[in-house]
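Undergrad: Structure provided below as structure tokens; questions to follow.
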Amino acid sequence: MNLWENNLKGLCEHLYRMMVRIRFCEESFIEPILQKQIKCPVHLCSGQEAIAAGICACLSGKDYIWGTHRSHGHYLAKGGDLNALVAEVYGKETGCSRGRGGSMHICDPEKGVVGAAPIVAGTISLAMGAALASKIRKENRVSVSFFGDGATGEGVLFESLNFAAIYNLPVLFVCENNLYSTHMPISKCRPNTEIFRIAEPFDIYSIRVDGNAVMSVYQETKKCLELLKNGKGPVFMECLTYRLRGHVGPDDNIQGKHIDIRKEAEVEAWREKDPIPNFETYLKDKEILSDSEMEGIRTEEMGRIDSAHEYAKNSPFPKPEDLERYVFK
Amino acid sequence: MYSNNRKIKYCKAVNEAFHQILKLDESVFLIGQGVTSPWYVGNTTSDLIDSFGTERIIDTPVSENAVTGAAVGAAIVGMKPIVVHPRLDFMAYAMDPIINEASNWMYMSGGRTNVPMVIWGIINRGGEQAAQHSQSWHSLFAHIPGIKVVMPSNPYDAKGLMISAIDDPNPVLYIDDRWLYGIEGIVPEKIYKVPIGVGDIAQEGTDVTIVACSYQVRLAIKAAFELRKSGIEAEIIDLRTIKPLDENLIINSVLKTGRMAIIDGGWKSYGIAAEISALVFEKAFGKMKTPIIRVTLPDVPAPASSVLENSYYIKVSTITSAIEKLVD
Ligand SMILES: Cc1ncc(C[n+]2csc(CCOP(=O)(O)OP(=O)(O)O)c2C)c(N)n1
Ligand SMILES: [Mg+2]
């Protein structure tokens, strides 16, 4: 966990690279989606990269993460294989779930990306179970549960908070509050918008972080992990953020109309808070990375994304005769 | 203007049923996720909010268990809620209020309290949506005593069954298939009912009985058209209700044809195809000329990749070749 101790430049380079990789990866799906080369539902996390990047930078390889329908960022930030992600989204045999899962079911178990699933709140209790296993086996692994603000409507979240609190499980509950649950603004889903407070009745340490400021996310996560590693878990982190794309696909595409259902002024205001340009300004102001260093990173990452698409397009589809494989071990 | 052969789309037929019943009966309300969004329910809820307001058209947070329980509770005290689940997959969180509470309540109270509600679940599959966004769990629910399960295949039945379901004093699970929403058919403008528990002969024939419900009836109709080219006259039974089953309709048909193929969009094991096979074995044993055929999904979760989807979902050609072998 002290991976980046006394190495601010190394940390920043990593965070920047990761955010850029996620953004480029997400945006690279748009054209093939519109061309119908990609057919599965794709929930882009553009705008939310700082959360995945900041949190996963604090984790070690053996720690677990669990995700949702919008988990490309989590997967990549935890070190999930880029080629296999892109191939999965194209429905290819070389995909991380062998084309059986698509964008909503991605995993790289060897990297601790245990899995993602689109049933809202569906993986929260599972993440807690992994933390329970870690505790029983005395492995000192942390389990991170990523979920959206929408998941706060589901009872299982509260059951999990309670259970995890009783047993002091090393689970980090991360609520990415992007203020919308599909078409519903948070004001229509909750009596108040301060999600982090839901953990308080369970005596769980809980904080709200600016989810668009990658350094804050990183620093707060480090503190949270300290607690978890010292048996003071669970911890609840609300990360305020906004998605820059539609709920699913590039925009909201309501019955063929390529529009965003959110107010334009609101989207614009959040565009100003885009985590990547903001981090660039920070890096430049603090003279941590130069323009050309950042450009170098962007060029490298763009190259990676391009070759991942090449890889995916040249990969075979699953064989129809293998339809019944993988139901059981 | 009233017209006897007005054609409208399936989703509009459902929408019309809502408009008419909500206007007629103040105890009816619609609650569930996405009732104000075409993302979730297509055009089935168009303009309802304008006509009936947010008190009776309630879009909810993602809380399937509590919202369904709320509908059950409101029904127990005498309202007639319709609770929607825009995908059956999301309804898993609502299993408890449906199968423990709603379905048992009448019996547990010794018949003193009934639960007049509609649980409206939508099957939304294909499009590489994979295992958690594709499931057809109708057989699972049909297994439970105390709930009725209806599955329309066309706009006329969609409207008439919705009206019957709302009017029924028991919990009725009304299951739609999104693949039907764009299909047009003749729908009377007046309020009418299609009775629950009564199937329909969608097409008469003498050589083989094809039993299906919901979207699979469309496949059966196409298959029957192809079969006629090879001289096979198929009779198609559209179940319309899968619980309670219209047993006589099925039995009378197989007594005539002596052959049966059941087409079901659910999984094979323990599904309605198995139930109907058992029924025929019990009631028409010895009258069958050939074994029964089940054309269903394999016992496999829904895959993502369209290459796999293509062999997963039932094709007309699978039905025709199975039946051709039978009648050979
Ligand atoms: C149990 C369940 N109910 C409903 C849905 C439909 N659904 C898909 S995404 C979503 C909203 C999720 O919002 P949030 O948790 O805030 O995540 P975000 O999409 O904003 O990242 C809903 C309701 C679902 N997938 N699962
Ligand atoms: Mg959200």
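We label chains A, B, ... in the order they appear in the structure tokens, count residues from 1 in each chain, and number ligands from 1 in the order shown.
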If the limit is 6 Å from any atom of ligand 1, counting only C-alpha atoms and all ligand atoms, which residues qualify? Return them as a PDB file with N, CA, C and O atoms, in the first residue's frame.

TA:
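Result file follows (out.pdb):
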ATOM      1  N   ARG A  70     -21.676  -0.515 -14.788  1.00  0.00           N
ATOM      2  CA  ARG A  70     -20.804   0.558 -15.292  1.00  0.00           C
ATOM      3  C   ARG A  70     -19.412   0.354 -14.698  1.00  0.00           C
ATOM      4  O   ARG A  70     -18.963   1.120 -13.858  1.00  0.00           O
ATOM      5  N   PRO A 118     -25.027  -6.392 -13.428  1.00  0.00           N
ATOM      6  CA  PRO A 118     -25.905  -5.233 -13.560  1.00  0.00           C
ATOM      7  C   PRO A 118     -27.165  -5.231 -12.693  1.00  0.00           C
ATOM      8  O   PRO A 118     -27.902  -4.249 -12.724  1.00  0.00           O
ATOM      9  N   ILE A 119     -27.435  -6.280 -11.951  1.00  0.00           N
ATOM     10  CA  ILE A 119     -28.569  -6.200 -11.033  1.00  0.00           C
ATOM     11  C   ILE A 119     -28.174  -5.167  -9.976  1.00  0.00           C
ATOM     12  O   ILE A 119     -27.162  -5.338  -9.293  1.00  0.00           O
ATOM     13  N   VAL A 120     -28.954  -4.098  -9.892  1.00  0.00           N
ATOM     14  CA  VAL A 120     -28.590  -3.001  -9.004  1.00  0.00           C
ATOM     15  C   VAL A 120     -28.437  -3.522  -7.570  1.00  0.00           C
ATOM     16  O   VAL A 120     -29.318  -4.223  -7.061  1.00  0.00           O
ATOM     17  N   PHE A 147     -20.794   0.702  -6.196  1.00  0.00           N
ATOM     18  CA  PHE A 147     -22.206   0.740  -6.596  1.00  0.00           C
ATOM     19  C   PHE A 147     -22.620   2.188  -6.813  1.00  0.00           C
ATOM     20  O   PHE A 147     -21.893   3.113  -6.442  1.00  0.00           O
ATOM     21  N   GLY A 148     -23.770   2.385  -7.420  1.00  0.00           N
ATOM     22  CA  GLY A 148     -24.229   3.733  -7.730  1.00  0.00           C
ATOM     23  C   GLY A 148     -25.182   4.270  -6.686  1.00  0.00           C
ATOM     24  O   GLY A 148     -25.591   3.561  -5.760  1.00  0.00           O
ATOM     25  N   ASP A 149     -25.565   5.522  -6.848  1.00  0.00           N
ATOM     26  CA  ASP A 149     -26.548   6.123  -5.949  1.00  0.00           C
ATOM     27  C   ASP A 149     -27.880   5.376  -6.030  1.00  0.00           C
ATOM     28  O   ASP A 149     -28.621   5.302  -5.048  1.00  0.00           O
ATOM     29  N   GLY A 150     -28.167   4.795  -7.202  1.00  0.00           N
ATOM     30  CA  GLY A 150     -29.419   4.053  -7.359  1.00  0.00           C
ATOM     31  C   GLY A 150     -29.521   2.890  -6.388  1.00  0.00           C
ATOM     32  O   GLY A 150     -30.609   2.547  -5.917  1.00  0.00           O
ATOM     33  N   ALA A 151     -28.380   2.304  -6.063  1.00  0.00           N
ATOM     34  CA  ALA A 151     -28.371   1.122  -5.194  1.00  0.00           C
ATOM     35  C   ALA A 151     -28.838   1.440  -3.778  1.00  0.00           C
ATOM     36  O   ALA A 151     -29.189   0.533  -3.016  1.00  0.00           O
ATOM     37  N   ASN A 178     -23.573   9.764  -8.951  1.00  0.00           N
ATOM     38  CA  ASN A 178     -23.572  10.611 -10.153  1.00  0.00           C
ATOM     39  C   ASN A 178     -24.931  11.297 -10.337  1.00  0.00           C
ATOM     40  O   ASN A 178     -25.264  11.775 -11.413  1.00  0.00           O
ATOM     41  N   TYR A 180     -27.897  10.441 -10.696  1.00  0.00           N
ATOM     42  CA  TYR A 180     -28.993   9.874 -11.486  1.00  0.00           C
ATOM     43  C   TYR A 180     -29.028   8.366 -11.374  1.00  0.00           C
ATOM     44  O   TYR A 180     -27.993   7.703 -11.303  1.00  0.00           O
ATOM     45  N   SER A 181     -30.233   7.860 -11.389  1.00  0.00           N
ATOM     46  CA  SER A 181     -30.458   6.428 -11.504  1.00  0.00           C
ATOM     47  C   SER A 181     -31.333   6.288 -12.750  1.00  0.00           C
ATOM     48  O   SER A 181     -32.526   6.585 -12.698  1.00  0.00           O
ATOM     49  N   THR A 182     -30.737   5.914 -13.832  1.00  0.00           N
ATOM     50  CA  THR A 182     -31.346   6.010 -15.184  1.00  0.00           C
ATOM     51  C   THR A 182     -32.016   7.375 -15.372  1.00  0.00           C
ATOM     52  O   THR A 182     -31.333   8.397 -15.321  1.00  0.00           O
ATOM     53  N   HIS A 247     -27.038   7.238 -19.978  1.00  0.00           N
ATOM     54  CA  HIS A 247     -27.084   6.104 -19.048  1.00  0.00           C
ATOM     55  C   HIS A 247     -26.493   4.856 -19.711  1.00  0.00           C
ATOM     56  O   HIS A 247     -25.678   4.166 -19.135  1.00  0.00           O
TER      57      HIS A 247
ATOM     58  N   VAL B  62     -35.159   2.380  -7.079  1.00  0.00           N
ATOM     59  CA  VAL B  62     -34.882   0.971  -7.366  1.00  0.00           C
ATOM     60  C   VAL B  62     -35.049   0.175  -6.070  1.00  0.00           C
ATOM     61  O   VAL B  62     -34.112  -0.008  -5.310  1.00  0.00           O
ATOM     62  N   PHE B  90     -35.361  -8.226 -12.686  1.00  0.00           N
ATOM     63  CA  PHE B  90     -35.314  -7.300 -11.541  1.00  0.00           C
ATOM     64  C   PHE B  90     -36.318  -7.709 -10.467  1.00  0.00           C
ATOM     65  O   PHE B  90     -36.279  -7.245  -9.337  1.00  0.00           O
TER      66      PHE B  90
END

Undergrad: Would you please give, as a PyMOL selection string, all residues of region 29-68 of chain A that DSSP assigns to strand (DSSP E) based on the backbone?

TA: chain A and resi 64-67

Undergrad: Kindly indicate which residue among A:Asn168, A:Ser145, A:Gln219, A:Thr68 lies nearest to chain B, using only C-alpha atoms for the distances.

TA: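 Residue with the minimum atom-to-atom distance to chain B: A:Thr68.
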
Undergrad: Env of Gly211 (chain A): 7 Å cut, atoms = only C-alpha atoms, seq-sep filter 4 positions within chain, self excluded. Answer as a PyMOL selection string.

TA: chain A and resi 50-51+217+239-241

Undergrad: Please identify every residue of chain A that has at least one atom no more than 10 Å from any atom of chain B, counting only C-alpha atoms, and report them as a VMD selection string.

TA: chain A and resid 38 to 42 88 to 93 97 to 105 117 to 122 149 to 156 181 to 186 188 to 190 252 to 255 317 to 328

Undergrad: Quick one: everything within 8 Å of Lys229 (chain A), counting only C-alpha atoms, minus sequence neighbours fewer than 4 positions away in the same chain. Send it as a list of chain:residue names.

TA: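 Selected residues are A:Asn140, A:Arg141, A:Val142, A:Pro170, A:Leu225, A:Gly233.
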
Undergrad: Go ahead and compute the interatomic distance for CA of Leu161 (chain A) and CA of Leu227 (chain A), in Å to one decimal.

TA: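 One can read the CA of Leu161 (chain A) to CA of Leu227 (chain A) distance as 15.8 Å.
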
Undergrad: List as a PyMOL selection string the protein and nucleic acid residues near region 137-141 of chain B, meaning an atom at most 10 Å away when only C-alpha atoms are counted, but skip any in the same chain fewer than 2 places from it.

TA: chain B and resi 88-89+91-92+95+98-99+103+121+123+134-135+143-151+173-175+242-243+264-275

Undergrad: Suppose we keep N, CA, C and O atoms; can you now write the selection as a compact mmCIF listing (two decimals), in the first residue's frame?

TA:
# COMPACT_ATOMS: atom_id res chain seq x y z
N LEU B 88 -38.33 -9.13 -15.86
CA LEU B 88 -38.53 -10.18 -14.85
C LEU B 88 -37.28 -10.32 -13.99
O LEU B 88 -37.37 -10.57 -12.79
N ASP B 89 -36.11 -10.12 -14.61
CA ASP B 89 -34.85 -10.30 -13.87
C ASP B 89 -34.81 -9.43 -12.60
O ASP B 89 -34.27 -9.83 -11.59
N MET B 91 -37.25 -8.58 -10.87
CA MET B 91 -38.31 -8.99 -9.97
C MET B 91 -37.82 -9.99 -8.92
O MET B 91 -38.54 -10.29 -7.98
N ALA B 92 -36.59 -10.46 -9.11
CA ALA B 92 -36.07 -11.44 -8.14
C ALA B 92 -36.07 -10.86 -6.73
O ALA B 92 -36.36 -11.54 -5.76
N MET B 95 -39.39 -11.38 -4.96
CA MET B 95 -39.90 -12.74 -4.80
C MET B 95 -40.67 -12.92 -3.50
O MET B 95 -41.71 -13.54 -3.46
N ILE B 98 -44.17 -11.54 -3.41
CA ILE B 98 -45.03 -12.23 -4.39
C ILE B 98 -45.33 -13.65 -3.93
O ILE B 98 -46.50 -14.03 -3.80
N ILE B 99 -44.27 -14.44 -3.65
CA ILE B 99 -44.56 -15.86 -3.45
C ILE B 99 -44.82 -16.26 -2.01
O ILE B 99 -45.44 -17.27 -1.75
N SER B 103 -49.30 -14.60 -2.75
CA SER B 103 -49.87 -15.86 -3.23
C SER B 103 -50.49 -16.67 -2.09
O SER B 103 -51.40 -17.46 -2.32
N GLY B 121 -44.94 -8.09 -15.27
CA GLY B 121 -43.52 -8.32 -15.49
C GLY B 121 -43.23 -8.39 -16.97
O GLY B 121 -44.00 -8.96 -17.74
N ILE B 123 -40.69 -9.40 -20.10
CA ILE B 123 -39.53 -10.14 -20.60
C ILE B 123 -38.85 -9.25 -21.63
O ILE B 123 -39.50 -8.74 -22.54
N SER B 134 -32.46 -10.98 -19.44
CA SER B 134 -33.04 -11.77 -20.54
C SER B 134 -34.03 -12.84 -20.09
O SER B 134 -34.59 -13.53 -20.92
N GLN B 135 -34.22 -12.98 -18.80
CA GLN B 135 -34.82 -14.22 -18.34
C GLN B 135 -36.35 -14.26 -18.44
O GLN B 135 -37.03 -13.27 -18.27
N HIS B 143 -45.58 -22.20 -10.92
CA HIS B 143 -45.44 -23.29 -9.95
C HIS B 143 -46.11 -22.95 -8.62
O HIS B 143 -46.46 -23.84 -7.85
N ILE B 144 -46.28 -21.68 -8.35
CA ILE B 144 -46.74 -21.23 -7.03
C ILE B 144 -48.27 -21.24 -6.96
O ILE B 144 -48.93 -20.59 -7.77
N PRO B 145 -48.84 -21.94 -5.97
CA PRO B 145 -50.29 -21.88 -5.82
C PRO B 145 -50.70 -20.45 -5.43
O PRO B 145 -49.93 -19.74 -4.80
N GLY B 146 -51.87 -20.05 -5.84
CA GLY B 146 -52.36 -18.76 -5.37
C GLY B 146 -52.04 -17.57 -6.25
O GLY B 146 -52.47 -16.46 -5.96
N ILE B 147 -51.24 -17.76 -7.30
CA ILE B 147 -51.13 -16.68 -8.29
C ILE B 147 -51.50 -17.22 -9.66
O ILE B 147 -51.13 -18.34 -10.02
N LYS B 148 -52.21 -16.40 -10.41
CA LYS B 148 -52.53 -16.75 -11.80
C LYS B 148 -51.47 -16.11 -12.69
O LYS B 148 -50.92 -15.07 -12.35
N VAL B 149 -51.22 -16.75 -13.81
CA VAL B 149 -50.20 -16.22 -14.72
C VAL B 149 -50.75 -16.14 -16.14
O VAL B 149 -51.15 -17.16 -16.71
N VAL B 150 -50.79 -14.93 -16.69
CA VAL B 150 -51.28 -14.77 -18.06
C VAL B 150 -50.16 -14.24 -18.95
O VAL B 150 -49.29 -13.50 -18.51
N MET B 151 -50.19 -14.65 -20.21
CA MET B 151 -49.14 -14.26 -21.16
C MET B 151 -49.72 -14.05 -22.56
O MET B 151 -49.77 -14.97 -23.37
N LEU B 173 -50.25 -12.47 -12.27
CA LEU B 173 -48.99 -12.08 -12.88
C LEU B 173 -49.23 -11.97 -14.38
O LEU B 173 -49.61 -12.94 -15.03
N TYR B 174 -49.05 -10.77 -14.89
CA TYR B 174 -49.28 -10.49 -16.31
C TYR B 174 -47.90 -10.33 -16.95
O TYR B 174 -47.17 -9.41 -16.63
N ILE B 175 -47.55 -11.26 -17.82
CA ILE B 175 -46.19 -11.25 -18.38
C ILE B 175 -46.22 -10.89 -19.86
O ILE B 175 -46.87 -11.55 -20.68
N ILE B 242 -51.22 -19.34 -18.49
CA ILE B 242 -50.50 -20.60 -18.22
C ILE B 242 -50.84 -21.17 -16.85
O ILE B 242 -50.53 -22.32 -16.57
N LYS B 243 -51.46 -20.35 -16.01
CA LYS B 243 -51.96 -20.87 -14.73
C LYS B 243 -53.23 -20.10 -14.38
O LYS B 243 -53.14 -18.89 -14.24
N ASP B 264 -41.81 -23.24 -26.01
CA ASP B 264 -41.78 -22.36 -24.83
C ASP B 264 -40.49 -21.56 -24.80
O ASP B 264 -39.40 -22.09 -25.00
N GLY B 265 -40.63 -20.28 -24.52
CA GLY B 265 -39.48 -19.38 -24.43
C GLY B 265 -38.73 -19.47 -23.12
O GLY B 265 -37.80 -18.70 -22.89
N GLY B 266 -39.14 -20.39 -22.26
CA GLY B 266 -38.41 -20.61 -21.01
C GLY B 266 -37.47 -21.79 -21.16
O GLY B 266 -37.34 -22.39 -22.23
N TRP B 267 -36.80 -22.14 -20.05
CA TRP B 267 -35.89 -23.28 -20.09
C TRP B 267 -36.68 -24.58 -20.12
O TRP B 267 -37.85 -24.62 -19.73
N LYS B 268 -35.99 -25.63 -20.53
CA LYS B 268 -36.68 -26.90 -20.73
C LYS B 268 -37.08 -27.58 -19.41
O LYS B 268 -38.25 -27.94 -19.22
N SER B 269 -36.11 -27.70 -18.51
CA SER B 269 -36.37 -28.52 -17.32
C SER B 269 -37.40 -27.90 -16.39
O SER B 269 -37.29 -26.72 -16.04
N TYR B 270 -38.37 -28.69 -16.01
CA TYR B 270 -39.39 -28.28 -15.04
C TYR B 270 -40.25 -27.10 -15.52
O TYR B 270 -40.87 -26.42 -14.72
N GLY B 271 -40.29 -26.89 -16.81
CA GLY B 271 -41.04 -25.75 -17.33
C GLY B 271 -42.45 -26.11 -17.75
O GLY B 271 -42.91 -27.24 -17.54
N ILE B 272 -43.15 -25.15 -18.38
CA ILE B 272 -44.54 -25.42 -18.76
C ILE B 272 -44.62 -26.54 -19.80
O ILE B 272 -45.62 -27.25 -19.87
N ALA B 273 -43.56 -26.68 -20.60
CA ALA B 273 -43.59 -27.76 -21.59
C ALA B 273 -43.64 -29.12 -20.88
O ALA B 273 -44.34 -30.04 -21.31
N ALA B 274 -42.91 -29.22 -19.78
CA ALA B 274 -42.93 -30.46 -19.01
C ALA B 274 -44.31 -30.66 -18.38
O ALA B 274 -44.87 -31.77 -18.38
N GLU B 275 -44.90 -29.58 -17.90
CA GLU B 275 -46.21 -29.65 -17.26
C GLU B 275 -47.28 -30.13 -18.26
O GLU B 275 -48.10 -31.00 -17.95

Undergrad: Could you give me, as a PyMOL selection string, the residues within 12 Å of region 286-296 of chain A, counting only C-alpha atoms and dropping anything in the same chain fewer than 5 positions from it?

TA: chain A and resi 7-20+276-277+279-281+301-303

Undergrad: I need the chosen residues saved as an mmCIF file, in the first residue's frame, with N, CA and C atoms.

TA:
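Dumped to again_20.cif:
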data_model
loop_
_atom_site.group_PDB
_atom_site.id
_atom_site.type_symbol
_atom_site.label_atom_id
_atom_site.label_comp_id
_atom_site.auth_asym_id
_atom_site.auth_seq_id
_atom_site.Cartn_x
_atom_site.Cartn_y
_atom_site.Cartn_z
ATOM 1 N N ASN A 7 6.969 9.084 -3.713
ATOM 2 C CA ASN A 7 7.099 9.078 -5.181
ATOM 3 C C ASN A 7 5.863 9.729 -5.787
ATOM 4 N N LEU A 8 5.718 11.006 -5.536
ATOM 5 C CA LEU A 8 4.536 11.725 -5.994
ATOM 6 C C LEU A 8 4.440 11.677 -7.513
ATOM 7 N N LYS A 9 5.566 11.814 -8.166
ATOM 8 C CA LYS A 9 5.541 11.825 -9.617
ATOM 9 C C LYS A 9 5.057 10.483 -10.169
ATOM 10 N N GLY A 10 5.597 9.417 -9.576
ATOM 11 C CA GLY A 10 5.176 8.081 -10.011
ATOM 12 C C GLY A 10 3.681 7.879 -9.799
ATOM 13 N N LEU A 11 3.197 8.309 -8.658
ATOM 14 C CA LEU A 11 1.767 8.194 -8.364
ATOM 15 C C LEU A 11 0.947 8.971 -9.388
ATOM 16 N N CYS A 12 1.343 10.220 -9.612
ATOM 17 C CA CYS A 12 0.571 11.069 -10.506
ATOM 18 C C CYS A 12 0.586 10.531 -11.927
ATOM 19 N N GLU A 13 1.724 10.031 -12.317
ATOM 20 C CA GLU A 13 1.820 9.464 -13.651
ATOM 21 C C GLU A 13 0.857 8.282 -13.783
ATOM 22 N N HIS A 14 0.871 7.457 -12.736
ATOM 23 C CA HIS A 14 -0.030 6.300 -12.745
ATOM 24 C C HIS A 14 -1.502 6.736 -12.805
ATOM 25 N N LEU A 15 -1.854 7.683 -11.948
ATOM 26 C CA LEU A 15 -3.255 8.119 -11.902
ATOM 27 C C LEU A 15 -3.668 8.739 -13.240
ATOM 28 N N TYR A 16 -2.787 9.540 -13.786
ATOM 29 C CA TYR A 16 -3.108 10.201 -15.047
ATOM 30 C C TYR A 16 -3.259 9.169 -16.164
ATOM 31 N N ARG A 17 -2.296 8.259 -16.201
ATOM 32 C CA ARG A 17 -2.336 7.209 -17.226
ATOM 33 C C ARG A 17 -3.629 6.402 -17.127
ATOM 34 N N MET A 18 -3.992 6.073 -15.908
ATOM 35 C CA MET A 18 -5.171 5.238 -15.715
ATOM 36 C C MET A 18 -6.447 5.976 -16.136
ATOM 37 N N MET A 19 -6.540 7.232 -15.749
ATOM 38 C CA MET A 19 -7.741 7.992 -16.125
ATOM 39 C C MET A 19 -7.832 8.157 -17.638
ATOM 40 N N VAL A 20 -6.696 8.421 -18.237
ATOM 41 C CA VAL A 20 -6.676 8.590 -19.688
ATOM 42 C C VAL A 20 -7.032 7.268 -20.379
ATOM 43 N N ILE A 276 -10.318 14.890 -15.761
ATOM 44 C CA ILE A 276 -9.026 14.763 -16.456
ATOM 45 C C ILE A 276 -8.379 16.126 -16.726
ATOM 46 N N PRO A 277 -9.064 17.051 -17.410
ATOM 47 C CA PRO A 277 -8.448 18.375 -17.579
ATOM 48 C C PRO A 277 -8.101 19.026 -16.243
ATOM 49 N N PHE A 279 -7.158 17.568 -13.523
ATOM 50 C CA PHE A 279 -5.924 16.955 -13.019
ATOM 51 C C PHE A 279 -4.723 17.458 -13.824
ATOM 52 N N GLU A 280 -4.945 17.645 -15.107
ATOM 53 C CA GLU A 280 -3.859 18.173 -15.954
ATOM 54 C C GLU A 280 -3.409 19.545 -15.451
ATOM 55 N N THR A 281 -4.383 20.388 -15.149
ATOM 56 C CA THR A 281 -4.047 21.722 -14.638
ATOM 57 C C THR A 281 -3.245 21.605 -13.347
ATOM 58 N N GLU A 301 -1.309 5.549 -24.529
ATOM 59 C CA GLU A 301 -2.597 4.936 -24.183
ATOM 60 C C GLU A 301 -3.493 4.827 -25.408
ATOM 61 N N MET A 302 -3.461 5.845 -26.250
ATOM 62 C CA MET A 302 -4.266 5.782 -27.467
ATOM 63 C C MET A 302 -3.814 4.600 -28.319
ATOM 64 N N GLY A 303 -2.499 4.402 -28.363
ATOM 65 C CA GLY A 303 -1.965 3.266 -29.118
ATOM 66 C C GLY A 303 -2.477 1.943 -28.552
#

Undergrad: Find, counting only C-alpha atoms, the residue in B:Gly185, B:Pro195, B:Gly32, B:Pro244 that gets nearest to Lys7 (chain B).

TA: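 For Lys7 (chain B), the nearest of the given residues is B:Gly185.
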
Undergrad: What does the distance from CA of Asn177 (chain A) to CA of Thr193 (chain A) come to in Å, to one decimal?

TA: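 According to the coordinates, CA of Asn177 (chain A) and CA of Thr193 (chain A) are separated by 9.1 Å.
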
Undergrad: Write out as number ranges by chain all residues of region 240-282 of chain A that DSSP puts in helix (DSSP H, G or I) for this structure's backbone.

TA: A: 264-272, 275-282

Undergrad: Pick out the closest residue to ligand 2 from this set: A:Cys96, A:Leu172, A:Ala77, A:Val248. Count only C-alpha atoms and all ligand atoms.

TA: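 With only C-alpha atoms and all ligand atoms as the atom set, the closest residue is A:Val248.
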